[in-house]
>>> print(open('protein.txt').read())   # compact mmCIF, C-alpha atoms
# COMPACT_ATOMS: atom_id res chain seq x y z
CA MET A 1 48.29 197.01 10.47
CA ARG A 2 44.87 198.19 11.62
CA LYS A 3 44.72 199.32 15.27
CA HIS A 4 41.98 198.04 17.54
CA PRO A 5 39.46 200.83 18.29
CA GLY A 6 39.83 200.23 22.03
CA VAL A 7 43.59 200.77 21.83
CA ALA A 8 43.12 204.06 19.97
CA PHE A 9 40.56 205.24 22.53
CA MET A 10 42.92 204.42 25.41
CA ALA A 11 45.73 206.32 23.70
CA ILE A 12 43.51 209.40 23.29
CA LEU A 13 42.39 209.15 26.93
CA ALA A 14 45.99 208.93 28.10
CA ALA A 15 46.93 211.99 26.06
CA LEU A 16 44.00 213.97 27.44
CA THR A 17 44.99 212.97 30.95
CA LEU A 18 48.49 214.30 30.40
CA VAL A 19 47.16 217.57 29.00
CA LEU A 20 44.78 217.99 31.96
CA ALA A 21 47.58 217.30 34.42
CA ALA A 22 49.76 219.90 32.72
CA CYS A 23 46.96 222.47 32.89
CA GLN A 24 46.38 221.79 36.58
CA SER A 25 50.05 221.96 37.48
CA SER A 26 51.15 225.24 39.00
CA GLY A 27 54.75 225.00 37.91
CA PRO A 28 57.75 222.85 38.71
CA ASP A 29 58.87 222.03 42.23
CA LEU A 30 62.34 223.58 42.41
CA GLY A 31 62.94 222.30 45.93
CA LEU A 32 64.42 225.53 47.30
CA CYS A 33 62.50 225.62 50.59
CA ARG A 34 63.75 224.38 53.95
CA PRO A 35 62.19 223.13 57.19
CA ILE A 36 62.25 225.85 59.83
CA GLY A 37 64.02 223.61 62.36
CA ASP A 38 64.87 225.47 65.55
CA ALA A 39 64.50 228.95 64.05
CA LYS A 40 62.47 231.34 66.18
CA ALA A 41 61.17 234.84 65.66
CA PRO A 42 62.91 237.50 67.76
CA GLU A 43 61.08 238.54 70.89
CA THR A 44 59.39 241.94 70.90
CA PRO A 45 60.89 244.10 73.63
CA ALA A 46 58.45 245.10 76.33
CA PRO A 47 57.37 248.74 76.15
CA THR A 48 58.39 251.19 78.81
CA ALA A 49 54.86 251.57 80.12
CA ALA A 50 53.41 254.33 82.19
CA ALA A 51 51.59 253.50 85.38
CA PRO A 52 48.28 251.72 84.70
CA GLY A 53 45.46 254.19 84.30
CA SER A 54 47.79 257.19 84.17
CA SER A 55 46.16 258.37 80.91
CA ASP A 56 42.45 258.80 80.33
CA LEU A 57 42.83 259.13 76.57
CA LYS A 58 40.42 256.95 74.58
CA ILE A 59 42.00 255.30 71.54
CA GLY A 60 40.12 253.82 68.59
CA LEU A 61 41.34 252.15 65.41
CA VAL A 62 39.48 251.79 62.11
CA THR A 63 40.81 249.07 59.82
CA ASP A 64 40.80 249.02 56.07
CA VAL A 65 38.52 246.51 54.36
CA GLY A 66 39.44 243.07 55.61
CA THR A 67 39.99 241.53 59.01
CA LEU A 68 41.77 242.57 62.16
CA ASP A 69 43.78 239.35 62.14
CA ASP A 70 44.98 239.68 58.54
CA ARG A 71 48.51 238.94 59.79
CA ASN A 72 49.56 242.01 57.93
CA PHE A 73 48.69 245.71 57.75
CA ASN A 74 45.58 245.84 59.92
CA GLN A 75 46.95 243.47 62.54
CA TYR A 76 50.34 245.07 63.04
CA SER A 77 48.86 248.56 63.14
CA TRP A 78 46.44 247.27 65.79
CA GLU A 79 49.35 245.87 67.75
CA GLY A 80 50.89 249.34 67.55
CA ALA A 81 47.72 250.81 69.05
CA LEU A 82 47.81 248.26 71.86
CA ARG A 83 51.46 248.97 72.47
CA GLY A 84 50.94 252.74 72.42
CA ALA A 85 48.10 252.49 74.92
CA GLU A 86 50.29 250.42 77.21
CA ILE A 87 53.12 252.93 76.96
CA ILE A 88 50.93 255.84 78.07
CA GLY A 89 48.88 253.84 80.56
CA ALA A 90 45.59 254.20 78.71
CA ALA A 91 42.74 251.71 78.58
CA GLU A 92 42.86 249.08 75.85
CA PRO A 93 41.90 250.61 72.49
CA SER A 94 38.72 249.75 70.64
CA ASN A 95 38.54 248.83 66.98
CA ILE A 96 36.08 248.84 64.12
CA VAL A 97 36.72 246.39 61.29
CA THR A 98 35.62 247.88 57.98
CA THR A 99 33.65 245.53 55.76
CA ALA A 100 33.06 247.92 52.83
CA SER A 101 34.93 251.00 51.68
CA SER A 102 31.66 252.96 51.75
CA ASP A 103 31.76 252.62 55.56
CA TYR A 104 35.06 254.45 56.11
CA ALA A 105 33.54 257.80 57.09
CA ALA A 106 30.79 256.28 59.22
CA ASN A 107 33.24 254.11 61.12
CA ILE A 108 35.47 257.08 61.90
CA GLN A 109 32.45 259.17 62.92
CA SER A 110 31.36 256.43 65.32
CA PHE A 111 34.49 257.00 67.39
CA VAL A 112 34.11 260.78 67.13
CA ASP A 113 30.55 260.49 68.47
CA GLN A 114 31.83 258.45 71.43
CA ASP A 115 34.34 261.17 72.34
CA TYR A 116 37.48 259.25 71.45
CA ASN A 117 40.66 261.32 71.73
CA ILE A 118 42.92 259.43 69.30
CA ILE A 119 41.64 257.72 66.16
CA VAL A 120 43.99 255.57 64.09
CA THR A 121 42.91 254.82 60.51
CA VAL A 122 44.72 252.07 58.66
CA GLY A 123 45.61 252.33 55.03
CA PHE A 124 45.93 254.61 52.05
CA ALA A 125 42.29 254.14 51.07
CA LEU A 126 41.06 255.83 54.29
CA GLY A 127 43.01 259.02 53.59
CA GLU A 128 40.17 261.10 52.19
CA ALA A 129 37.75 260.15 54.98
CA THR A 130 40.41 260.75 57.63
CA LEU A 131 41.26 264.18 56.24
CA ALA A 132 37.58 265.16 56.25
CA ALA A 133 37.12 263.94 59.84
CA ALA A 134 40.26 265.70 61.05
CA THR A 135 39.13 268.95 59.43
CA ALA A 136 35.72 268.72 61.09
CA ASN A 137 37.04 267.67 64.52
CA PRO A 138 40.09 269.72 65.50
CA ASP A 139 40.03 268.47 69.10
CA VAL A 140 40.52 264.84 68.06
CA HIS A 141 43.99 263.60 67.08
CA PHE A 142 44.08 261.42 63.97
CA ILE A 143 46.86 259.03 63.01
CA GLY A 144 46.65 257.90 59.39
CA VAL A 145 48.73 254.87 58.45
CA ASP A 146 50.09 255.01 54.89
CA GLN A 147 48.37 258.32 54.17
CA PHE A 148 49.92 261.48 52.79
CA GLN A 149 48.93 265.08 53.32
CA ALA A 150 49.03 267.87 50.74
CA GLY A 151 50.70 268.24 47.39
CA ASP A 152 49.72 264.86 46.02
CA ASP A 153 47.24 263.87 43.35
CA PHE A 154 45.66 261.14 45.47
CA LEU A 155 45.02 263.09 48.67
CA ALA A 156 44.37 266.81 48.57
CA GLY A 157 44.23 269.27 51.42
CA ALA A 158 46.46 271.30 53.69
CA GLY A 159 48.28 269.81 56.63
CA LEU A 160 46.35 269.90 59.89
CA ALA A 161 47.66 270.25 63.42
CA ASN A 162 45.56 267.28 64.59
CA TYR A 163 46.36 264.90 61.76
CA GLU A 164 49.63 262.98 61.44
CA SER A 165 50.23 260.77 58.45
CA LEU A 166 52.61 257.83 58.83
CA ILE A 167 54.38 257.27 55.52
CA PHE A 168 57.03 254.72 54.68
CA SER A 169 59.70 254.36 52.06
CA GLU A 170 58.34 251.28 50.32
CA ALA A 171 60.84 251.70 47.50
CA GLN A 172 63.72 251.47 49.99
CA ALA A 173 62.34 248.29 51.56
CA GLY A 174 61.63 246.87 48.10
CA TYR A 175 65.15 247.72 46.98
CA LEU A 176 66.62 245.64 49.81
CA ALA A 177 64.29 242.77 48.94
CA GLY A 178 65.40 243.01 45.32
CA ILE A 179 69.04 242.64 46.34
CA VAL A 180 68.16 239.43 48.16
CA ALA A 181 66.08 238.12 45.26
CA ALA A 182 68.70 238.68 42.56
CA SER A 183 71.45 237.32 44.81
CA LEU A 184 69.60 234.05 45.48
CA SER A 185 68.03 233.49 42.07
CA LYS A 186 69.62 230.65 40.14
CA SER A 187 67.65 231.29 36.95
CA GLY A 188 68.04 235.05 36.68
CA GLU A 189 64.25 235.52 36.72
CA VAL A 190 62.38 236.93 39.74
CA ALA A 191 58.96 238.47 40.24
CA ALA A 192 56.89 240.88 42.30
CA ILE A 193 53.15 240.23 42.51
CA GLY A 194 51.22 243.23 43.77
CA GLY A 195 47.60 243.61 44.77
CA SER A 196 46.75 246.62 42.58
CA GLY A 197 48.80 248.85 40.33
CA THR A 198 46.58 251.80 41.31
CA ILE A 199 47.96 251.99 44.86
CA PRO A 200 51.20 254.05 45.04
CA PRO A 201 52.85 252.19 47.96
CA VAL A 202 52.40 248.88 46.09
CA VAL A 203 53.94 250.27 42.93
CA ASN A 204 56.81 251.81 44.90
CA TYR A 205 57.60 248.46 46.50
CA ALA A 206 57.72 246.83 43.07
CA ARG A 207 59.82 249.55 41.45
CA GLY A 208 62.29 249.53 44.32
CA TYR A 209 62.45 245.73 44.08
CA GLU A 210 63.29 245.89 40.39
CA ASN A 211 66.01 248.47 40.93
CA GLY A 212 67.50 246.57 43.86
CA ALA A 213 67.62 243.37 41.85
CA LYS A 214 69.29 245.11 38.91
CA SER A 215 71.87 246.68 41.21
CA VAL A 216 73.12 243.13 41.78
CA ASN A 217 72.54 241.71 38.31
CA PRO A 218 71.79 244.20 35.51
CA ASP A 219 70.61 241.31 33.33
CA VAL A 220 68.08 239.90 35.79
CA LYS A 221 64.54 239.62 34.41
CA VAL A 222 62.04 241.14 36.84
CA HIS A 223 58.38 240.30 36.26
CA ILE A 224 55.94 242.75 37.86
CA LYS A 225 52.29 241.71 37.91
CA TYR A 226 49.18 243.13 39.60
CA ILE A 227 46.19 241.03 40.62
CA SER A 228 43.18 243.35 40.41
CA ASP A 229 41.99 246.95 40.59
CA ASP A 230 39.15 245.75 42.83
CA LEU A 231 40.70 246.52 46.21
CA GLY A 232 38.76 243.79 48.01
CA VAL A 233 40.14 241.19 45.62
CA ALA A 234 43.57 242.83 45.46
CA PHE A 235 44.18 242.85 49.21
CA ASN A 236 41.66 240.59 50.96
CA ASP A 237 41.32 237.44 48.84
CA PRO A 238 43.96 234.75 49.46
CA THR A 239 42.16 232.30 47.18
CA THR A 240 42.52 234.63 44.21
CA GLY A 241 46.10 235.39 45.24
CA LYS A 242 46.95 231.71 45.08
CA SER A 243 45.19 230.99 41.79
CA PHE A 244 46.73 234.08 40.16
CA THR A 245 50.21 233.01 41.28
CA ASP A 246 49.64 229.38 40.31
CA GLN A 247 48.87 230.51 36.78
CA PHE A 248 51.79 232.95 36.75
CA ARG A 249 54.23 230.22 37.82
CA GLN A 250 52.86 227.85 35.22
CA GLN A 251 53.54 230.44 32.53
CA ASN A 252 56.90 231.56 33.95
CA ALA A 253 58.50 228.39 35.19
CA LYS A 254 61.99 229.88 35.45
CA VAL A 255 60.99 232.36 38.16
CA ASP A 256 62.48 231.15 41.42
CA VAL A 257 61.86 234.14 43.74
CA ILE A 258 58.50 235.90 44.23
CA PHE A 259 57.95 239.04 46.31
CA GLN A 260 54.32 239.46 47.37
CA VAL A 261 52.87 242.97 47.78
CA ALA A 262 49.18 242.19 48.18
CA GLY A 263 48.21 242.20 51.84
CA LYS A 264 46.00 239.27 52.82
CA THR A 265 45.64 238.33 49.15
CA GLY A 266 49.41 237.95 49.25
CA ASN A 267 49.05 235.17 51.81
CA GLY A 268 47.66 233.15 48.90
CA VAL A 269 50.65 234.20 46.79
CA LEU A 270 52.90 232.72 49.47
CA GLN A 271 50.81 229.53 49.54
CA SER A 272 51.54 229.10 45.84
CA VAL A 273 55.22 229.79 46.50
CA GLU A 274 55.14 227.09 49.17
CA GLU A 275 53.62 224.56 46.77
CA GLY A 276 56.21 225.40 44.14
CA LYS A 277 59.06 225.16 46.66
CA ILE A 278 60.60 228.38 45.43
CA TYR A 279 61.79 231.36 47.45
CA GLY A 280 59.21 233.82 48.76
CA ILE A 281 59.62 237.31 50.17
CA GLY A 282 56.91 238.77 52.40
CA VAL A 283 55.79 242.36 52.77
CA ASP A 284 55.09 245.00 55.42
CA VAL A 285 55.68 242.67 58.39
CA ASP A 286 57.80 239.63 59.19
CA GLN A 287 55.70 237.09 57.32
CA TRP A 288 57.88 234.19 58.39
CA ALA A 289 56.35 234.73 61.82
CA SER A 290 52.90 235.91 60.71
CA THR A 291 52.21 233.20 58.09
CA PRO A 292 53.84 230.07 59.57
CA GLU A 293 52.14 227.80 57.02
CA SER A 294 54.46 229.27 54.37
CA ALA A 295 57.53 229.82 56.55
CA GLU A 296 59.53 227.00 54.95
CA CYS A 297 59.80 229.12 51.79
CA ILE A 298 59.92 232.68 53.15
CA VAL A 299 63.51 233.91 52.95
CA THR A 300 62.78 237.35 54.43
CA SER A 301 60.21 240.16 54.32
CA ALA A 302 60.41 243.82 53.29
CA GLU A 303 59.22 245.47 56.47
CA LYS A 304 57.48 248.68 57.34
CA LYS A 305 57.79 249.20 61.07
CA LEU A 306 54.03 249.59 61.46
CA THR A 307 53.80 248.71 65.12
CA LEU A 308 56.62 251.11 65.96
CA ALA A 309 55.15 253.97 63.94
CA VAL A 310 51.64 253.72 65.42
CA SER A 311 52.87 253.31 68.98
CA ASP A 312 55.24 256.28 68.50
CA GLY A 313 52.32 258.44 67.41
CA ILE A 314 50.16 257.50 70.38
CA ALA A 315 53.05 257.93 72.81
CA ALA A 316 53.67 261.43 71.46
CA VAL A 317 50.06 262.41 72.08
CA GLY A 318 50.15 260.89 75.55
CA GLY A 319 53.35 262.74 76.30
CA GLY A 320 51.83 266.08 75.38
CA SER A 321 53.77 266.56 72.13
CA PRO A 322 51.49 265.32 69.35
CA ARG A 323 52.97 265.11 65.88
CA ALA A 324 51.40 266.66 62.80
CA GLY A 325 51.77 266.47 59.06
CA ASN A 326 53.71 263.76 57.29
CA VAL A 327 55.84 261.62 59.59
CA SER A 328 58.33 259.67 57.54
CA TYR A 329 59.71 256.23 58.36
CA SER A 330 62.65 255.24 56.19
CA ALA A 331 66.22 254.00 56.35
CA THR A 332 67.09 257.29 58.01
CA ASN A 333 65.26 256.35 61.22
CA ASP A 334 65.18 252.55 60.87
CA GLY A 335 61.55 252.76 59.82
CA ILE A 336 61.99 250.12 57.11
CA GLY A 337 64.20 247.08 56.72
CA LEU A 338 64.40 243.36 56.16
CA ALA A 339 63.11 240.67 58.49
CA PRO A 340 65.53 237.94 59.69
CA PHE A 341 66.57 235.21 57.25
CA TYR A 342 65.91 232.38 59.72
CA GLN A 343 66.73 228.95 58.23
CA PHE A 344 68.10 230.62 55.09
CA ALA A 345 70.71 232.66 56.96
CA ASP A 346 73.61 230.59 55.62
CA LEU A 347 72.64 231.56 52.06
CA ILE A 348 73.23 235.22 52.86
CA THR A 349 76.96 235.32 52.30
CA ASP A 350 79.19 238.10 53.57
CA ASP A 351 79.15 239.56 50.07
CA ILE A 352 75.34 239.63 49.92
CA GLN A 353 75.10 241.11 53.40
CA SER A 354 77.62 243.76 52.44
CA LYS A 355 75.45 244.74 49.46
CA ILE A 356 72.39 244.97 51.72
CA ASP A 357 74.24 247.03 54.33
CA ALA A 358 75.77 249.35 51.75
CA ALA A 359 72.38 249.95 50.12
CA PHE A 360 70.70 250.64 53.47
CA ASP A 361 73.44 253.06 54.53
CA GLY A 362 73.42 254.72 51.11
CA MET A 363 69.65 255.22 51.23
CA ALA A 364 69.91 256.62 54.77
CA ALA A 365 72.56 259.06 53.57
CA GLY A 366 70.72 259.90 50.36
CA SER A 367 73.41 258.61 48.03
CA VAL A 368 71.36 255.60 46.82
CA ASP A 369 68.03 256.32 45.13
CA PRO A 370 65.79 253.22 45.15
CA CYS A 371 63.58 254.78 42.48
CA LYS A 372 66.26 254.73 39.81
CA PRO A 373 67.10 253.80 37.16
CA SER A 374 63.98 251.79 36.28
CA GLY A 375 60.72 253.58 36.91
CA LEU A 376 60.21 256.65 39.05
CA CYS A 377 58.29 256.32 42.30
CA TYR A 378 55.00 258.02 43.00
CA ALA A 379 55.40 261.43 44.55
CA GLY A 380 53.94 261.99 47.97
CA THR A 381 55.60 259.10 49.73
CA ALA A 382 58.66 258.79 51.89
CA ASP A 383 60.68 257.88 48.82
CA PRO A 384 63.19 260.36 47.43
CA GLY A 385 62.14 259.73 43.83
CA THR A 386 59.33 261.51 42.06
>>> encode(input="protein.txt", output="structure tokens")
Amino acid sequence: MRKHPGVAFMAILAALTLVLAACQSSGPDLGLCRPIGDAKAPETPAPTAAAPGSSDLKIGLVTDVGTLDDRNFNQYSWEGALRGAEIIGAAEPSNIVTTASSDYAANIQSFVDQDYNIIVTVGFALGEATLAAATANPDVHFIGVDQFQAGDDFLAGAGLANYESLIFSEAQAGYLAGIVAASLSKSGEVAAIGGSGTIPPVVNYARGYENGAKSVNPDVKVHIKYISDDLGVAFNDPTTGKSFTDQFRQQNAKVDVIFQVAGKTGNGVLQSVEEGKIYGIGVDVDQWASTPESAECIVTSAEKKLTLAVSDGIAAVGGGSPRAGNVSYSATNDGIGLAPFYQFADLITDDIQSKIDAAFDGMAAGSVDPCKPSGLCYAGTADPGT
């Protein structure tokens, strides 16, 4: 029987509509997220502050490319500067928000020219400019967040008495996140989406995550993907983070846990996680609290204690005992860890918590290496692996 041309056209149109819908879909809704209910973020303890005005030290902070309110690295380092100033009784710090990486040196020099005593620079990418400024200005104390001095292929130069570098064991924090991911995954497939594979702390997070997951389930499939080598896109572009993750989820529909390691770009990763109703794990800070729009899906975050580390450094200067060289924050001094589980707390069984606790204690004691067996960590970090 001959079909009517209009019927054939409608059939083709319907098929095209289905194909378009499939292309636009960002993966299945697995329904793993939960309303936050009455869950609340823990209160930050008030600092033991000196008397107002008891210190005349001037404190300045230079951000990495991005915004001060990125709800991540820049913001929590800034909060550390505020907290440190309060502890020593100094005036509120000033900040310069970097808009282009070519401005790093000029932004630092601006504070030097204004006779600032303490200059905090945020992020690995500012390491070279900070080292140069510290070398040229021995009377100014520099605090470099996520920077490493000497003996490393990405930041050369001898340690300086006026330059302290705050480094963190990303692999340890990632390892703990990997334990959570593998323990909660129903499919046996999890992922880490990093900003750029050229940045050692990002890679260390991902490698630790893979090893932590495999410590729970040796057969787990761990996808590790990086968004871009353009640092602006990699760490300051939530729109790209979301579209990248949408496409990844479409192509890897079995993945039910995603760990984001991409700064502000990672906020877009978490938006995609929220739409897919799968489990998300934040990075650097407690992203359940810092990105409330995605909190229904954020199980925990792999934390660097950024606020603590920066405020510690400022307090040491204010107390007359400035630190120098590489200052490590790891499991040994509670410098890394996991954020609370909030509405997902009941999923963390005693067995899972025991695995987390044993790994943390083992890393603190040196008996657990988060950089093994899969992929060695970059040297020149707080991680034990090389």
>>> residues_around(input="protein.txt", residues="Asn236 (chain A)", least_positions_apart="6", cutoff="10 Å", atoms="only C-alpha atoms", output="ChimeraX atom specification")
/A:64-67,70,195,230,262-268
>>> atom_distance(input="protein.txt", atom1="CA of Thr300 (chain A)", atom2="CA of Tyr226 (chain A)")
20.9 Å
>>> atom_distance(input="protein.txt", atom1="CA of Gly60 (chain A)", atom2="CA of Val285 (chain A)")
21.7 Å
>>> closest_residue(input="protein.txt", among="A:Ile119, A:Ala134, A:Ala192, A:Val317", to="Leu160 (chain A)", atoms="all atoms listed in the file")
A:Ala134
>>> axis_aligned_box(input="protein.txt", around="region 324-335 of chain A", padding_each_side="3 Å", output="JSON")
{"center_x": 59.2, "center_y": 259.6, "center_z": 59.5, "size_x": 21.7, "size_y": 20.1, "size_z": 12.6}
>>> residues_around(input="protein.txt", residues="Gly276 (chain A)", least_positions_apart="5", cutoff="12 Å", atoms="all atoms listed in the file", output="VMD selection string")
chain A and resid 25 to 33 242 245 to 250 252 to 258 269 to 271 294 296 to 297
>>> residues_around(input="protein.txt", residues="region 301-310 of chain A", least_positions_apart="6", cutoff="7 Å", atoms="all atoms listed in the file", output="ChimeraX atom specification")
/A:76-77,79-81,166,168,173-174,177,281-287,335-339
>>> write_last_selection(input="protein.txt", atoms="C-alpha atoms", output="PDB file, in the coordinates of the input")
ATOM      1  CA  TYR A  76      50.340 245.070  63.040  1.00  0.00           C
ATOM      2  CA  SER A  77      48.860 248.560  63.140  1.00  0.00           C
ATOM      3  CA  GLU A  79      49.350 245.870  67.750  1.00  0.00           C
ATOM      4  CA  GLY A  80      50.890 249.340  67.550  1.00  0.00           C
ATOM      5  CA  ALA A  81      47.720 250.810  69.050  1.00  0.00           C
ATOM      6  CA  LEU A 166      52.610 257.830  58.830  1.00  0.00           C
ATOM      7  CA  PHE A 168      57.030 254.720  54.680  1.00  0.00           C
ATOM      8  CA  ALA A 173      62.340 248.290  51.560  1.00  0.00           C
ATOM      9  CA  GLY A 174      61.630 246.870  48.100  1.00  0.00           C
ATOM     10  CA  ALA A 177      64.290 242.770  48.940  1.00  0.00           C
ATOM     11  CA  ILE A 281      59.620 237.310  50.170  1.00  0.00           C
ATOM     12  CA  GLY A 282      56.910 238.770  52.400  1.00  0.00           C
ATOM     13  CA  VAL A 283      55.790 242.360  52.770  1.00  0.00           C
ATOM     14  CA  ASP A 284      55.090 245.000  55.420  1.00  0.00           C
ATOM     15  CA  VAL A 285      55.680 242.670  58.390  1.00  0.00           C
ATOM     16  CA  ASP A 286      57.800 239.630  59.190  1.00  0.00           C
ATOM     17  CA  GLN A 287      55.700 237.090  57.320  1.00  0.00           C
ATOM     18  CA  GLY A 335      61.550 252.760  59.820  1.00  0.00           C
ATOM     19  CA  ILE A 336      61.990 250.120  57.110  1.00  0.00           C
ATOM     20  CA  GLY A 337      64.200 247.080  56.720  1.00  0.00           C
ATOM     21  CA  LEU A 338      64.400 243.360  56.160  1.00  0.00           C
ATOM     22  CA  ALA A 339      63.110 240.670  58.490  1.00  0.00           C
TER      23      ALA A 339
END
>>> closest_residue(input="protein.txt", among="A:Pro35, A:Gly89, A:Gly188, A:Gly232", to="Ala213 (chain A)", atoms="only C-alpha atoms")
A:Gly188
>>> residues_around(input="protein.txt", residues="Ala39 (chain A)", least_positions_apart="4", cutoff="12 Å", atoms="all atoms listed in the file", output="list in words")
Arg34, Pro35, Trp288, Ala289, Pro292, Ala295, Glu296, Pro340, Phe341, Tyr342, Gln343, Phe344 and Ala345 of chain A
>>> write_last_selection(input="protein.txt", atoms="C-alpha atoms", output="PDB file, in the frame of the given file")
ATOM      1  CA  ARG A  34      63.750 224.380  53.950  1.00  0.00           C
ATOM      2  CA  PRO A  35      62.190 223.130  57.190  1.00  0.00           C
ATOM      3  CA  TRP A 288      57.880 234.190  58.390  1.00  0.00           C
ATOM      4  CA  ALA A 289      56.350 234.730  61.820  1.00  0.00           C
ATOM      5  CA  PRO A 292      53.840 230.070  59.570  1.00  0.00           C
ATOM      6  CA  ALA A 295      57.530 229.820  56.550  1.00  0.00           C
ATOM      7  CA  GLU A 296      59.530 227.000  54.950  1.00  0.00           C
ATOM      8  CA  PRO A 340      65.530 237.940  59.690  1.00  0.00           C
ATOM      9  CA  PHE A 341      66.570 235.210  57.250  1.00  0.00           C
ATOM     10  CA  TYR A 342      65.910 232.380  59.720  1.00  0.00           C
ATOM     11  CA  GLN A 343      66.730 228.950  58.230  1.00  0.00           C
ATOM     12  CA  PHE A 344      68.100 230.620  55.090  1.00  0.00           C
ATOM     13  CA  ALA A 345      70.710 232.660  56.960  1.00  0.00           C
TER      14      ALA A 345
END
>>> closest_residue(input="protein.txt", among="A:Val62, A:Ala41, A:Leu376, A:Val273", to="Val122 (chain A)", atoms="all atoms listed in the file")
A:Val62
>>> residues_around(input="protein.txt", residues="Lys225 (chain A)", least_positions_apart="3", cutoff="8 Å", atoms="all atoms listed in the file", output="PyMOL selection string")
chain A and resi 191-194
>>> closest_residue(input="protein.txt", among="A:Ser330, A:Thr99, A:Arg83, A:Pro200", to="Gly362 (chain A)", atoms="only C-alpha atoms")
A:Ser330
>>> atom_distance(input="protein.txt", atom1="CA of Leu61 (chain A)", atom2="CA of Phe142 (chain A)")
9.8 Å
>>> residues_near_point(input="protein.txt", point="(67.6, 243.6, 37.2)", cutoff="12 Å", atoms="only C-alpha atoms", output="PyMOL selection string")
chain A and resi 175+178-183+185+188-191+206-224+372-374
>>> closest_residue(input="protein.txt", among="A:Leu57, A:Ile36, A:Leu347, A:Cys377", to="Glu92 (chain A)", atoms="all atoms listed in the file")
A:Leu57
